[in-house]
>>> print(open('final_25.txt').read())   # compact mmCIF, C-alpha atoms (C1' of nucleotides)
# COMPACT_ATOMS: atom_id res chain seq x y z
CA MET A 1 134.65 276.50 75.38
CA ALA A 2 133.35 279.30 77.59
CA PRO A 3 135.95 282.04 78.02
CA THR A 4 138.06 280.83 80.91
CA SER A 5 138.75 283.79 83.15
CA GLU A 6 142.25 282.65 84.11
CA ILE A 7 145.18 284.71 82.94
CA LEU A 8 146.41 283.84 79.46
CA THR A 9 149.90 282.33 79.70
CA ALA A 10 152.26 280.78 77.18
CA GLU A 11 151.78 277.52 79.03
CA ARG A 12 148.01 277.57 78.60
CA ILE A 13 148.38 278.41 74.93
CA LEU A 14 150.74 275.49 74.43
CA GLU A 15 148.28 273.12 76.08
CA ALA A 16 145.42 274.39 73.95
CA THR A 17 147.59 274.06 70.85
CA GLU A 18 148.35 270.43 71.66
CA ASP A 19 144.62 269.85 72.02
CA VAL A 20 143.83 271.49 68.73
CA LEU A 21 146.59 269.53 67.00
CA ARG A 22 145.25 266.32 68.47
CA ARG A 23 141.74 267.11 67.26
CA HIS A 24 142.35 268.68 63.86
CA GLY A 25 145.74 267.34 62.82
CA PRO A 26 148.75 269.41 61.75
CA ALA A 27 147.37 270.56 58.40
CA LYS A 28 144.13 272.05 59.71
CA ALA A 29 145.16 273.35 63.12
CA THR A 30 145.00 277.14 62.90
CA VAL A 31 145.88 279.92 65.30
CA VAL A 32 142.24 280.95 65.14
CA ASP A 33 141.26 277.48 66.39
CA VAL A 34 143.66 277.79 69.31
CA ALA A 35 142.29 281.20 70.22
CA ARG A 36 138.73 279.91 69.99
CA ALA A 37 139.58 276.97 72.25
CA LEU A 38 140.88 279.45 74.81
CA GLY A 39 137.98 281.87 74.40
CA VAL A 40 140.23 284.75 73.35
CA SER A 41 140.91 286.58 70.11
CA HIS A 42 143.72 285.30 67.92
CA GLY A 43 145.53 288.58 68.41
CA SER A 44 146.12 287.58 72.01
CA VAL A 45 147.90 284.43 70.97
CA TYR A 46 150.24 286.55 68.87
CA ARG A 47 151.17 288.46 72.00
CA HIS A 48 152.86 285.31 73.34
CA PHE A 49 154.17 283.76 70.11
CA ARG A 50 155.48 285.91 67.30
CA THR A 51 154.33 283.55 64.56
CA LYS A 52 152.38 280.38 64.03
CA ALA A 53 155.69 278.66 63.23
CA ALA A 54 157.12 279.75 66.61
CA LEU A 55 154.06 278.35 68.38
CA ARG A 56 154.41 275.03 66.60
CA GLU A 57 158.12 274.95 67.32
CA ALA A 58 157.46 275.46 71.03
CA VAL A 59 155.00 272.56 71.00
CA THR A 60 157.54 270.41 69.19
CA LYS A 61 160.30 271.25 71.67
CA ARG A 62 158.06 270.33 74.58
CA TRP A 63 157.24 266.97 73.07
CA LEU A 64 160.86 266.15 72.26
CA ASP A 65 162.01 267.21 75.71
CA ARG A 66 159.54 264.81 77.29
CA THR A 67 161.22 261.93 75.42
CA SER A 68 164.71 263.10 76.35
CA GLY A 69 163.64 263.25 79.96
CA GLU A 70 162.43 259.67 79.98
CA LEU A 71 165.86 258.50 78.89
CA SER A 72 168.16 260.71 80.90
CA GLY A 73 167.49 258.63 84.00
CA ILE A 74 168.94 255.56 82.35
CA ALA A 75 171.96 257.43 81.01
CA ALA A 76 172.69 258.74 84.48
CA GLY A 77 172.32 255.29 86.09
CA ASP A 78 175.17 253.42 87.71
CA GLY A 79 174.89 249.85 86.38
CA ALA A 80 177.46 248.21 84.10
CA PRO A 81 178.00 250.42 81.04
CA GLU A 82 177.17 247.65 78.59
CA ALA A 83 173.83 246.92 80.28
CA ARG A 84 173.16 250.63 80.56
CA LEU A 85 173.79 251.09 76.85
CA ARG A 86 171.49 248.21 75.96
CA ASP A 87 168.82 249.48 78.34
CA TRP A 88 169.04 252.99 76.97
CA LEU A 89 168.73 251.88 73.35
CA ALA A 90 165.91 249.49 74.22
CA ALA A 91 164.10 252.24 76.12
CA LEU A 92 164.46 254.62 73.19
CA PHE A 93 163.07 252.03 70.79
CA ALA A 94 160.27 251.07 73.19
CA ALA A 95 159.27 254.69 73.79
CA LYS A 96 159.11 255.47 70.09
CA ARG A 97 157.26 252.29 69.33
CA ARG A 98 154.76 252.90 72.08
CA LYS A 99 154.06 256.40 70.83
CA ALA A 100 153.78 255.34 67.22
CA GLY A 101 151.59 252.32 67.94
CA GLY A 102 149.49 253.80 70.71
CA ASP A 103 148.09 256.81 68.90
CA PRO A 104 149.19 256.67 65.25
CA GLU A 105 147.41 259.88 64.30
CA LEU A 106 149.00 261.90 67.04
CA PHE A 107 152.35 260.36 66.17
CA ALA A 108 151.83 261.35 62.53
CA THR A 109 151.02 264.85 63.70
CA TYR A 110 154.26 265.11 65.64
CA THR A 111 156.17 263.58 62.75
CA VAL A 112 154.95 266.47 60.61
CA LEU A 113 155.90 268.95 63.32
CA THR A 114 159.41 267.55 63.67
CA GLY A 115 159.72 267.67 59.90
CA GLU A 116 159.01 271.41 60.05
CA ASN A 117 161.49 272.09 62.83
CA GLY A 118 164.91 270.98 61.79
CA ALA A 119 166.48 273.11 64.50
CA ALA A 120 164.49 271.68 67.42
CA VAL A 121 165.12 268.16 66.17
CA GLY A 122 168.82 268.90 65.83
CA GLU A 123 168.98 269.98 69.47
CA HIS A 124 167.05 266.91 70.53
CA ILE A 125 169.44 264.63 68.67
CA ALA A 126 172.39 266.49 70.17
CA ASP A 127 170.86 265.92 73.59
CA LEU A 128 170.36 262.20 73.00
CA THR A 129 173.85 261.68 71.60
CA SER A 130 175.28 263.50 74.56
CA GLN A 131 173.47 261.04 76.84
CA LEU A 132 174.95 258.23 74.77
CA THR A 133 178.37 259.83 74.97
CA ARG A 134 178.17 259.79 78.76
CA ILE A 135 177.38 256.07 78.77
CA ILE A 136 180.20 255.25 76.38
CA GLN A 137 182.61 257.51 78.27
CA ALA A 138 181.73 255.63 81.45
CA GLY A 139 182.42 252.35 79.66
CA VAL A 140 185.79 253.57 78.48
CA GLU A 141 186.68 254.52 82.03
CA THR A 142 185.76 251.13 83.43
CA GLY A 143 187.55 249.40 80.56
CA ASP A 144 184.35 247.79 79.28
CA PHE A 145 184.46 249.77 76.06
CA ALA A 146 187.22 250.88 73.72
CA ALA A 147 186.55 254.15 71.91
CA ALA A 148 189.18 256.59 70.73
CA ASP A 149 186.60 259.35 70.39
CA PRO A 150 183.54 258.61 72.58
CA GLN A 151 181.56 261.43 71.07
CA ALA A 152 182.07 260.24 67.50
CA THR A 153 181.34 256.70 68.62
CA ALA A 154 178.10 257.80 70.29
CA ARG A 155 177.12 259.48 67.06
CA ALA A 156 177.85 256.27 65.18
CA VAL A 157 175.79 254.18 67.60
CA PHE A 158 172.92 256.61 67.33
CA GLN A 159 173.02 256.68 63.56
CA ALA A 160 173.41 252.91 63.24
CA THR A 161 170.26 252.40 65.30
CA GLY A 162 168.33 255.02 63.33
CA ARG A 163 165.94 252.48 61.88
CA PHE A 164 164.69 251.87 65.43
CA HIS A 165 164.07 255.43 66.43
CA ASP A 166 163.69 257.52 63.30
CA PRO A 167 159.96 258.17 62.81
CA SER A 168 160.22 257.57 59.08
CA TYR A 169 160.63 253.87 59.88
CA ALA A 170 157.65 253.75 62.24
CA ARG A 171 155.70 251.62 59.78
CA GLU A 172 158.18 248.76 60.25
CA TRP A 173 158.32 248.79 64.05
CA GLU A 174 155.29 246.56 64.38
CA GLU A 175 156.44 243.97 61.87
CA PRO A 176 157.26 240.48 63.16
CA GLY A 177 161.05 240.59 62.86
CA ALA A 178 161.51 244.09 64.27
CA GLU A 179 162.52 243.01 67.77
CA ALA A 180 165.00 240.45 66.43
CA ASP A 181 166.44 242.98 63.99
CA PHE A 182 166.91 245.41 66.83
CA ARG A 183 168.74 242.87 68.96
CA ALA A 184 170.97 241.87 66.04
CA VAL A 185 172.03 245.45 65.42
CA VAL A 186 172.60 246.20 69.10
CA ASP A 187 174.61 243.00 69.57
CA LEU A 188 176.81 243.89 66.64
CA LEU A 189 177.39 247.40 67.96
CA VAL A 190 178.10 246.27 71.51
CA ARG A 191 180.63 243.75 70.22
CA GLY A 192 182.21 246.51 68.21
CA LEU A 193 182.57 248.61 71.35
CA ARG A 194 184.42 246.02 73.38
CA PRO A 195 188.19 246.45 73.68
CA MET B 1 158.31 262.71 17.75
CA ALA B 2 157.58 261.22 14.30
CA PRO B 3 156.03 257.77 14.61
CA THR B 4 159.00 255.43 14.65
CA SER B 5 158.21 252.51 12.39
CA GLU B 6 160.05 249.99 14.55
CA ILE B 7 158.02 247.33 16.31
CA LEU B 8 156.58 248.38 19.65
CA THR B 9 158.20 246.35 22.41
CA ALA B 10 158.00 246.47 26.19
CA GLU B 11 161.63 247.52 26.13
CA ARG B 12 160.95 250.55 23.91
CA ILE B 13 158.02 251.52 26.11
CA LEU B 14 160.20 251.35 29.21
CA GLU B 15 162.81 253.56 27.60
CA ALA B 16 160.21 256.10 26.55
CA THR B 17 158.72 256.02 30.04
CA GLU B 18 162.09 256.79 31.59
CA ASP B 19 162.41 259.72 29.21
CA VAL B 20 158.99 261.05 30.06
CA LEU B 21 159.67 260.67 33.77
CA ARG B 22 162.94 262.52 33.37
CA ARG B 23 161.22 265.34 31.51
CA HIS B 24 157.93 265.70 33.38
CA GLY B 25 158.64 264.22 36.80
CA PRO B 26 156.69 261.47 38.53
CA ALA B 27 153.55 263.50 39.23
CA LYS B 28 152.92 264.66 35.67
CA ALA B 29 154.17 261.72 33.62
CA THR B 30 151.10 260.17 32.01
CA VAL B 31 150.56 257.11 29.88
CA VAL B 32 149.31 259.42 27.16
CA ASP B 33 152.68 261.23 27.27
CA VAL B 34 154.51 257.94 26.86
CA ALA B 35 152.34 256.97 23.91
CA ARG B 36 152.84 260.37 22.33
CA ALA B 37 156.61 260.08 22.73
CA LEU B 38 156.45 256.76 20.88
CA GLY B 39 154.07 258.01 18.22
CA VAL B 40 151.41 255.43 19.08
CA SER B 41 148.02 255.52 20.75
CA HIS B 42 147.90 255.01 24.50
CA GLY B 43 145.83 251.86 23.94
CA SER B 44 148.94 250.23 22.50
CA VAL B 45 150.87 250.85 25.67
CA TYR B 46 148.14 249.05 27.60
CA ARG B 47 148.72 246.04 25.39
CA HIS B 48 152.17 245.62 27.01
CA PHE B 49 151.44 246.83 30.56
CA ARG B 50 148.13 246.10 32.23
CA THR B 51 148.10 249.34 34.22
CA LYS B 52 150.03 252.54 34.68
CA ALA B 53 151.17 251.19 38.06
CA ALA B 54 152.59 248.06 36.39
CA LEU B 55 154.49 250.23 33.92
CA ARG B 56 155.97 252.32 36.69
CA GLU B 57 156.86 249.24 38.67
CA ALA B 58 158.74 247.82 35.68
CA VAL B 59 160.70 251.06 35.36
CA THR B 60 161.47 250.95 39.08
CA LYS B 61 162.69 247.35 38.91
CA ARG B 62 164.97 248.21 36.02
CA TRP B 63 166.53 251.08 37.91
CA LEU B 64 167.03 249.08 41.10
CA ASP B 65 168.54 246.18 39.18
CA ARG B 66 171.11 248.48 37.64
CA THR B 67 172.32 249.41 41.15
CA SER B 68 172.40 245.80 42.30
CA GLY B 69 174.45 244.93 39.24
CA GLU B 70 177.08 247.56 40.01
CA LEU B 71 177.67 245.97 43.42
CA SER B 72 177.49 242.28 42.65
CA GLY B 73 180.97 242.42 41.15
CA ILE B 74 182.45 243.49 44.48
CA ALA B 75 180.49 240.91 46.44
CA ALA B 76 181.75 238.18 44.13
CA GLY B 77 185.37 239.42 44.38
CA ASP B 78 188.15 237.41 46.00
CA GLY B 79 190.01 239.88 48.22
CA ALA B 80 190.08 239.68 52.00
CA PRO B 81 186.50 239.60 53.33
CA GLU B 82 186.97 242.61 55.57
CA ALA B 83 188.23 244.74 52.70
CA ARG B 84 185.49 243.40 50.46
CA LEU B 85 182.87 244.34 53.01
CA ARG B 86 184.27 247.83 53.37
CA ASP B 87 184.51 248.23 49.61
CA TRP B 88 180.98 247.00 49.08
CA LEU B 89 179.50 249.37 51.66
CA ALA B 90 181.59 252.26 50.36
CA ALA B 91 180.50 251.50 46.79
CA LEU B 92 176.85 251.40 47.85
CA PHE B 93 177.17 254.74 49.60
CA ALA B 94 179.13 256.26 46.71
CA ALA B 95 176.64 255.05 44.12
CA LYS B 96 173.68 256.45 46.00
CA ARG B 97 175.44 259.69 46.69
CA ARG B 98 176.46 260.08 43.08
CA LYS B 99 172.91 259.52 41.88
CA ALA B 100 171.40 261.84 44.46
CA GLY B 101 173.94 264.60 43.93
CA GLY B 102 174.37 264.29 40.18
CA ASP B 103 170.77 264.72 39.09
CA PRO B 104 168.69 265.57 42.16
CA GLU B 105 165.44 265.85 40.21
CA LEU B 106 165.80 262.45 38.63
CA PHE B 107 166.76 261.02 41.99
CA ALA B 108 163.64 262.56 43.53
CA THR B 109 161.62 261.00 40.74
CA TYR B 110 162.97 257.56 41.49
CA THR B 111 162.51 258.11 45.19
CA VAL B 112 158.82 258.65 44.52
CA LEU B 113 158.72 255.55 42.34
CA THR B 114 160.37 253.37 44.98
CA GLY B 115 157.93 254.76 47.51
CA GLU B 116 155.09 253.50 45.34
CA ASN B 117 156.57 250.06 44.87
CA GLY B 118 157.13 248.41 48.20
CA ALA B 119 157.37 245.01 46.57
CA ALA B 120 160.09 245.89 44.07
CA VAL B 121 162.08 247.62 46.80
CA GLY B 122 161.70 244.59 49.04
CA GLU B 123 163.20 242.36 46.37
CA HIS B 124 166.03 244.81 45.79
CA ILE B 125 166.84 244.87 49.49
CA ALA B 126 166.69 241.09 49.61
CA ASP B 127 169.14 241.01 46.71
CA LEU B 128 171.55 243.41 48.40
CA THR B 129 171.45 241.61 51.75
CA SER B 130 172.08 238.34 49.96
CA GLN B 131 175.21 239.89 48.44
CA LEU B 132 176.20 241.01 51.94
CA THR B 133 175.48 237.54 53.29
CA ARG B 134 177.90 236.04 50.78
CA ILE B 135 180.66 238.40 51.90
CA ILE B 136 180.07 237.68 55.56
CA GLN B 137 179.79 233.96 54.91
CA ALA B 138 183.17 234.10 53.18
CA GLY B 139 184.61 235.91 56.18
CA VAL B 140 183.28 233.29 58.55
CA GLU B 141 184.91 230.59 56.45
CA THR B 142 188.31 232.30 56.46
CA GLY B 143 187.96 233.02 60.16
CA ASP B 144 188.05 236.78 59.65
CA PHE B 145 184.50 237.16 60.89
CA ALA B 146 182.46 235.57 63.64
CA ALA B 147 178.73 235.34 62.94
CA ALA B 148 176.40 232.69 64.29
CA ASP B 149 173.80 233.50 61.63
CA PRO B 150 175.43 235.23 58.63
CA GLN B 151 172.09 236.07 57.07
CA ALA B 152 170.80 237.81 60.20
CA THR B 153 174.14 239.55 60.58
CA ALA B 154 174.03 240.77 56.97
CA ARG B 155 170.58 242.15 57.65
CA ALA B 156 171.91 243.94 60.72
CA VAL B 157 174.82 245.44 58.80
CA PHE B 158 172.50 246.60 56.05
CA GLN B 159 170.06 248.15 58.49
CA ALA B 160 172.77 249.77 60.59
CA THR B 161 174.14 251.51 57.49
CA GLY B 162 170.67 252.60 56.36
CA ARG B 163 171.44 256.26 56.87
CA PHE B 164 174.04 255.96 54.10
CA HIS B 165 171.90 254.31 51.48
CA ASP B 166 168.27 254.99 52.32
CA PRO B 167 167.08 257.74 49.96
CA SER B 168 165.19 259.49 52.74
CA TYR B 169 168.57 260.58 54.14
CA ALA B 170 169.85 261.85 50.79
CA ARG B 171 169.74 265.44 52.02
CA GLU B 172 172.47 264.68 54.57
CA TRP B 173 174.87 262.88 52.26
CA GLU B 174 176.45 266.10 51.11
CA GLU B 175 176.97 267.56 54.55
CA PRO B 176 180.53 268.01 55.80
CA GLY B 177 180.64 265.19 58.35
CA ALA B 178 178.92 262.56 56.22
CA GLU B 179 182.07 260.76 55.13
CA ALA B 180 183.44 260.67 58.68
CA ASP B 181 180.10 259.44 60.04
CA PHE B 182 180.10 256.69 57.47
CA ARG B 183 183.58 255.55 58.41
CA ALA B 184 182.73 255.62 62.12
CA VAL B 185 179.71 253.38 61.62
CA VAL B 186 181.54 250.97 59.32
CA ASP B 187 184.50 250.76 61.70
CA LEU B 188 182.19 249.93 64.58
CA LEU B 189 180.40 247.26 62.57
CA VAL B 190 183.60 245.70 61.27
CA ARG B 191 184.99 245.51 64.80
CA GLY B 192 181.75 243.88 65.85
CA LEU B 193 182.18 241.24 63.19
CA ARG B 194 185.66 240.17 64.22
CA PRO B 195 185.91 236.95 66.24
C1' DC C 1 144.18 237.06 11.86
C1' DG C 2 146.97 240.19 15.33
C1' DG C 3 148.62 244.39 16.56
C1' DC C 4 146.80 248.94 16.59
C1' DT C 5 143.34 252.67 16.97
C1' DG C 6 140.23 256.00 18.89
C1' DA C 7 135.86 256.85 21.20
C1' DC C 8 134.06 256.24 25.62
C1' DA C 9 132.81 256.09 31.00
C1' DG C 10 134.42 256.92 35.26
C1' DA C 11 138.28 258.63 38.03
C1' DT C 12 141.59 262.17 38.74
C1' DT C 13 143.66 266.62 38.08
C1' DT C 14 143.64 271.57 37.07
C1' DC C 15 142.22 276.16 37.59
C1' DA C 16 140.03 280.21 39.06
C1' DA C 17 136.82 282.16 42.18
C1' DT C 18 135.78 282.25 46.96
C1' DA C 19 136.60 281.74 51.73
C1' DT C 20 139.70 281.40 55.49
C1' DC C 21 143.88 282.34 57.77
C1' DT C 22 148.16 284.92 59.28
C1' DG C 23 150.21 288.72 61.20
C1' DT C 24 149.70 293.90 62.26
C1' DC C 25 148.11 297.70 64.71
C1' DA C 26 145.07 301.54 66.09
C1' DT C 27 141.67 301.41 69.50
C1' DT C 28 139.12 299.68 73.63
C1' DC C 29 138.64 298.14 78.21
C1' DC C 30 139.76 297.21 82.86
C1' DG D 1 149.11 301.58 81.34
C1' DG D 2 149.27 297.20 79.80
C1' DA D 3 146.67 293.35 78.17
C1' DA D 4 143.15 292.25 74.93
C1' DT D 5 140.39 293.20 70.81
C1' DG D 6 138.81 293.12 66.04
C1' DA D 7 139.23 295.19 61.44
C1' DC D 8 142.36 294.86 57.82
C1' DA D 9 145.84 293.52 53.79
C1' DG D 10 148.17 290.02 51.83
C1' DA D 11 148.97 285.04 51.79
C1' DT D 12 147.05 280.43 51.79
C1' DA D 13 143.48 277.01 51.49
C1' DT D 14 138.99 275.28 49.77
C1' DT D 15 135.71 274.37 46.39
C1' DG D 16 133.36 273.02 42.33
C1' DA D 17 133.26 273.15 37.32
C1' DA D 18 135.99 272.05 33.30
C1' DA D 19 139.78 269.52 31.39
C1' DT D 20 142.62 265.57 31.28
C1' DC D 21 143.75 260.94 32.21
C1' DT D 22 143.10 255.82 32.90
C1' DG D 23 141.59 251.63 31.36
C1' DT D 24 138.27 249.13 28.05
C1' DC D 25 136.78 247.49 23.85
C1' DA D 26 134.52 247.22 19.30
C1' DG D 27 136.25 247.79 15.05
C1' DC D 28 140.09 248.92 11.55
C1' DC D 29 144.07 247.91 8.72
C1' DG D 30 147.99 245.53 6.84
>>> encode(input="final_25.txt", output="structure tokens")
Amino acid sequence: MAPTSEILTAERILEATEDVLRRHGPAKATVVDVARALGVSHGSVYRHFRTKAALREAVTKRWLDRTSGELSGIAAGDGAPEARLRDWLAALFAAKRRKAGGDPELFATYTVLTGENGAAVGEHIADLTSQLTRIIQAGVETGDFAAADPQATARAVFQATGRFHDPSYAREWEEPGAEADFRAVVDLLVRGLRP
Amino acid sequence: MAPTSEILTAERILEATEDVLRRHGPAKATVVDVARALGVSHGSVYRHFRTKAALREAVTKRWLDRTSGELSGIAAGDGAPEARLRDWLAALFAAKRRKAGGDPELFATYTVLTGENGAAVGEHIADLTSQLTRIIQAGVETGDFAAADPQATARAVFQATGRFHDPSYAREWEEPGAEADFRAVVDLLVRGLRP
DNA sequence: CGGCTGACAGATTTCAATATCTGTCATTCC
DNA sequence: GGAATGACAGATATTGAAATCTGTCAGCCG
């Protein structure tokens, strides 16, 4: 951890913070740790982020945005709306499951962070439902879907599939029936969307 | 708290335990407290329940069974299946919301208890989905519903409505849009069930 | 007897002292 | 002159000793 002589940027602080969170977990990751990892005094960190909470929120936003990004490609695709909807939901489930199963501790860390940041999570959910709205809207236009209010319907689809993307259910994503349960719910919803 | 001279039964212990939980909350409710409330020594409580965990599990089961009981009447009803399904889901949501909103502390207490008792909760969920299965089965027989595997479909309906009965979402049940969200999800599911 | 008691060992919780952290800001350094 | 520092006050977390609780059991009492 020799003092890196590069200029101290918000970006570098965020990266160091992710590292510290990975190593120490959310409860024990301090601003002092972050500063130490960067070879600067903790006062310097406060020059870029007003509070520890703001720093953690920025890290949370970054992480959530990465997930949104992975999915936006599918939402913007041009296949049949029904297939696109299924793909999008499956990709969301798969991404969450991969993160939760791949590095459970890091996932737990981010679960704590999202719990702290209602606002950032709210924006993320708004982003995802807006992607869903676009898919459903497209389906309505092609006549594949019937939905009086595509936005409300997107919300309903998102909420109905909560068990397959809400982190509080992560424990159950690796259980035997999870995949079948997911398909059953998606099938039911897709049938409900048809005219 | 004068020593009641009645015979000490499991039933009386359960009632006293509920009282103590109501008063002290789940973290501070001790077996000694329960014994004191009954005017007996804590050794006597251990005669009826092997461990503190077993005592708490029994209390949890009791509470969950009360909820199941409230709903079984609707499931066993004889109205049109679609209406029965809507009524049942609405009653489940209403019951949970009433409990969560009416006495938030007690609800939090029971939320902790259910968190401790995966097994009891599993049975409760199995009971509820079996009620749902009966409704859907009835709908299949009258031709109101199409479902290749009513049990799997019941599971899907239960899981898709999780946000409106899972205690971890209790915070959101009092928000403005909750009722509309509920209706949107139920509408989508009911449409999905139709032949 | 058969349910109940109360003393006990080990586990868990509480509490207060101690150490660390957060956030500020006058000062330093390039 | 503008970024970085480090000392500081108040808030928060850690620690270890004392208190309480859990679960057992030999003996009491009706």
>>> closest_residue(input="final_25.txt", among="A:Arg23, A:Arg191, A:His165, A:Arg62", to="Asp144 in chain A", atoms="all atoms listed in the file")
A:Arg191
>>> closest_atom_pairs(input="final_25.txt", of="chain A", to="chain C", cutoff="10 Å", atoms="all atoms listed in the file", output="JSON lines")
{"residue": "A:Thr30", "atom": "CA", "partner": "C:DC21", "partner_atom": "C1'", "distance": 7.4}
{"residue": "A:Val31", "atom": "CA", "partner": "C:DT22", "partner_atom": "C1'", "distance": 8.2}
{"residue": "A:Val32", "atom": "CA", "partner": "C:DC21", "partner_atom": "C1'", "distance": 7.7}
{"residue": "A:His42", "atom": "CA", "partner": "C:DT22", "partner_atom": "C1'", "distance": 9.7}
{"residue": "A:Gly43", "atom": "CA", "partner": "C:DG23", "partner_atom": "C1'", "distance": 8.6}
{"residue": "A:Tyr46", "atom": "CA", "partner": "C:DG23", "partner_atom": "C1'", "distance": 8.0}
{"residue": "A:Arg50", "atom": "CA", "partner": "C:DG23", "partner_atom": "C1'", "distance": 8.5}
{"residue": "A:Thr51", "atom": "CA", "partner": "C:DG23", "partner_atom": "C1'", "distance": 7.4}
{"residue": "A:Lys52", "atom": "CA", "partner": "C:DT22", "partner_atom": "C1'", "distance": 7.8}
>>> write_last_selection(input="final_25.txt", atoms="C-alpha atoms", output="PDB file, in the frame of the given file")
ATOM      1  CA  THR A  30     145.000 277.140  62.900  1.00  0.00           C
ATOM      2  CA  VAL A  31     145.880 279.920  65.300  1.00  0.00           C
ATOM      3  CA  VAL A  32     142.240 280.950  65.140  1.00  0.00           C
ATOM      4  CA  HIS A  42     143.720 285.300  67.920  1.00  0.00           C
ATOM      5  CA  GLY A  43     145.530 288.580  68.410  1.00  0.00           C
ATOM      6  CA  TYR A  46     150.240 286.550  68.870  1.00  0.00           C
ATOM      7  CA  ARG A  50     155.480 285.910  67.300  1.00  0.00           C
ATOM      8  CA  THR A  51     154.330 283.550  64.560  1.00  0.00           C
ATOM      9  CA  LYS A  52     152.380 280.380  64.030  1.00  0.00           C
TER      10      LYS A  52
END
>>> closest_atom_pairs(input="final_25.txt", of="chain D", to="chain A", cutoff="9 Å", atoms="only C-alpha atoms (C1' of nucleotides)", output="Markdown table")
| residue | atom | partner | partner_atom | distance |
| --- | --- | --- | --- | --- |
| D:DA3 | C1' | A:Ser44 | CA | 8.5 |
| D:DA4 | C1' | A:Ser44 | CA | 6.3 |
| D:DT5 | C1' | A:Ser41 | CA | 6.7 |
| D:DG6 | C1' | A:Ser41 | CA | 8.0 |
>>> closest_residue(input="final_25.txt", among="A:Glu123, A:Glu175, A:Asp166, A:Glu141", to="chain B", atoms="all atoms listed in the file")
A:Asp166
>>> atom_distance(input="final_25.txt", atom1="CA of Tyr169 in chain B", atom2="CA of Glu105 in chain A")
23.5 Å
>>> atom_distance(input="final_25.txt", atom1="CA of Arg155 in chain B", atom2="CA of Val190 in chain B")
14.0 Å
